[in-house]
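A.B. asks: Could you have a look at this structure, given as structure tokens, before my questions?
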Amino acid sequence: MNIKKVGILTGGGDCPGLNSVIYGIMLKAYDAGVQCVGILKGWKGFIENKTILLNIADHDDLHTEGGTLLYTSRTNPFKGATSKEEKAKELTNQFKALGIDALIAIGGDDTLGVADYMYKHANAKIVGCPKTIDNDLAGTHYTFGFWSAVQLASNAMDNLTSTARSHQRVFVVEVMGRDAGFLTMYSGISAGADIILIPETPFDFEKDVVDVLKKRVNAGYTYHIIATSEGAYPNFKSLERDFKTLSKETISKLPKDTFGNPLLAKLNISQIIVDELNLRDDLKQEFEKNDVEFECRSVVLGHTMRAGTPNSFDRILGLRFGLAAMKMVLEGNFGNMVSLQGNKIKTVPLSEGVKKKYITAENDKMELRDLLVKIRYLSKQK
Ligand code: F6P
């Protein structure tokens with residue numbers, strides 16, 4: 001396959017390690033005599049023909065830097081198209097205008113879903129690279145950026161314990177993760193959070209939050225950290241029975257992004273939990289009985305979790321993904337994406353890889369979480 005120029009784009013939310021992937025691609029491309037064309041702002045720059053030439057000599061150690069050199073956006077190129085197939089052909093013709101022979105698309109399920117459609121319906125020469133701090137893509141054991149974000153959230157919760165202890169407070173810490181609970185589960189377990197709420201297991205406010213806090217305060221605990229995914233929500237029974245400030249309508253009326261995903265972060269579930277806790281006189285009394293202050297605060301970690309430089313794991317995974325993606329381009333291995341299987345870099349079809357992944361019931365982290373929450377107060381029963 002005679003490839004002279006390869007386009008690279010980054011789409012969706014940014015993520016530590018994007019620059020590491022770009023640098024990995026550039027290393028191999030330089031070695032193979034291929035020129036890298038950076039497409040700016042994801043699919044937006046692809047459509048609008050906004051590019052820069054990437055000269056590796058100008059970007060020493062790019063893999064150590066956070067964010068993305070190419071900028072990013074959440075642009076859905078199919079939005080408003082009357083025929084998706086025609087649009088896919090039109091997009092693929094855009095390769096000529098951009099002066100590229102092949103494209104490496106780095107993104108999550110939305111960005112790679114577009115790439116897959118273009119490959120299937122217009123035979124576009126596209127290779128994918130899975131990216132998201134959420135780690136919720138089925139085709140890979142880990143996405144780069146995930147472990148950097150886990151570390152940031154875990155550090156934040158570690159740090160919050162000293163102020164929680166000083167004031168005897170309940171901190172409800174909201175962790176990113178639109179649909180899946182990987183970030184909250186891993187950072188919550190790592191920091192020893194006292195309650196961990198994830199979207200995969202809709203919670204019962206009475207049993208999983210109020211009761212646990214009562215048991216903890218009766219066992220002698222004076223401060224508490226609750227880790228909640230931004231996408232965690234109560235089960236239907238609990239929603240109807242326990243909530244005064246949240247209803248099904250509130251959830252269904254949430255605004256959506258250009259791909260139609262509800263913007264769950266807008267719900268601000270950590271604040272809702274705080275508001276609901278503050279309405280519970282029975283809980284207040286339990287704290288007072290134990291001579292413990294009853295003060296609840298919400299902390300939204302939000303974009304701090306995507307900020308800063310990638311950790312070493314993500315730098316190396318990013319470089320490995322970039323190297324493998326460029327090799328796939330050279331081999332003409334299109335319609336597939338790079339993935340991590342165990343410790344090996346493998347390729348999987350884009351259509352498989354972009355499917356969503358969730359924490360399942362048999363995942364040992366589920367049991368760890370439940371034990372971590374329960375055993376601490378049980379073992380201190382007076
Ligand atoms: O999908 C990655 C992610 O970081 C989610 O965890 C979060 O819901 C979303 O991006 C936030 O996106 P934005 O930066 O557009 O607010």
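We label chains A, B, ... in the order they appear in the structure tokens, count residues from 1 in each chain, and number ligands from 1 in the order shown.
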Could you give me, as a list in words, the residues within 9 Å of Asp61 in chain A, counting only C-alpha atoms and dropping anything in the same chain fewer than 2 positions from it?
C.D. replies: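 The filter keeps Ser20, Tyr23, His59, His63, Thr64 and Glu65 of chain A.
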A.B. asks: Show me which residues line ligand 1, defined as having an atom within 7 Å of a ligand atom where only C-alpha atoms and all ligand atoms count, and present them as a ChimeraX atom specification.
C.D. replies: /A:13,132-134,176-178,263-265,303,306
A.B. asks: Limited to C-alpha atoms, could you put the picked residues into a file as a compact mmCIF listing (two decimals), in the first residue's frame?
C.D. replies:
```txt
# COMPACT_ATOMS: atom_id res chain seq x y z
CA GLY A 13 -13.51 14.94 25.20
CA THR A 132 -11.70 7.84 26.80
CA ILE A 133 -10.93 8.43 30.45
CA ASP A 134 -14.14 6.46 31.11
CA MET A 176 -16.66 11.71 35.72
CA GLY A 177 -18.00 8.72 33.84
CA ARG A 178 -21.05 9.33 31.72
CA LEU A 263 -25.61 15.49 29.73
CA LEU A 264 -25.79 13.69 33.06
CA ALA A 265 -23.22 15.97 34.65
CA HIS A 303 -12.61 18.36 34.23
CA ARG A 306 -8.87 15.02 32.43
```
A.B. asks: I need the strand (DSSP E) residues of range 277-331 of chain A per DSSP on the backbone, written as a list of chain:residue names.
C.D. replies: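 Restricting range 277-331 of chain A to strand (DSSP E) produces A:Glu295, A:Cys296, A:Arg297, A:Ser298, A:Val299, A:Val300.
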A.B. asks: As number ranges by chain, which residues of range 101-287 of chain A does DSSP assign to alpha helix (DSSP H)?
C.D. replies: A: 109-122, 146-167, 182-191, 211-218, 236-242, 248-252, 269-278, 281-287
A.B. asks: Which one of A:Lys214, A:Lys79, A:Lys5, A:Lys87 sits closest to Leu54 in chain A if you count only C-alpha atoms?
C.D. replies: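 Ranking A:Lys214, A:Lys79, A:Lys5, A:Lys87 by distance to Leu54 in chain A, first place goes to A:Lys5.
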A.B. asks: Using only C-alpha atoms, what does the table of range 23-116 of chain A residues within 7 Å of range 344-360 of chain A look like, with each row giving the shortest atom pair and its distance in Å to one decimal, sorted by chain and ascending number, as JSON lines?
C.D. replies:
```
{"residue": "A:Asp109", "atom": "CA", "partner": "A:Val354", "partner_atom": "CA", "distance": 4.9}
{"residue": "A:Leu112", "atom": "CA", "partner": "A:Val354", "partner_atom": "CA", "distance": 6.4}
{"residue": "A:Gly113", "atom": "CA", "partner": "A:Val354", "partner_atom": "CA", "distance": 6.5}
{"residue": "A:Asp116", "atom": "CA", "partner": "A:Leu350", "partner_atom": "CA", "distance": 5.6}
```
A.B. asks: Just the number, please: distance in Å from CA of Gly33 in chain A to CA of Asp101 in chain A, one decimal.
C.D. replies: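 We find that CA of Gly33 in chain A and CA of Asp101 in chain A lie 13.5 Å from each other.
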A.B. asks: Check the smallest atom-to-atom distance from each of A:Leu213, A:Ala324, A:Leu183, A:Val172 to Ile22 in chain A using only C-alpha atoms, then report the winner.
C.D. replies: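 Nearest candidate to Ile22 in chain A out of A:Leu213, A:Ala324, A:Leu183, A:Val172: A:Ala324.
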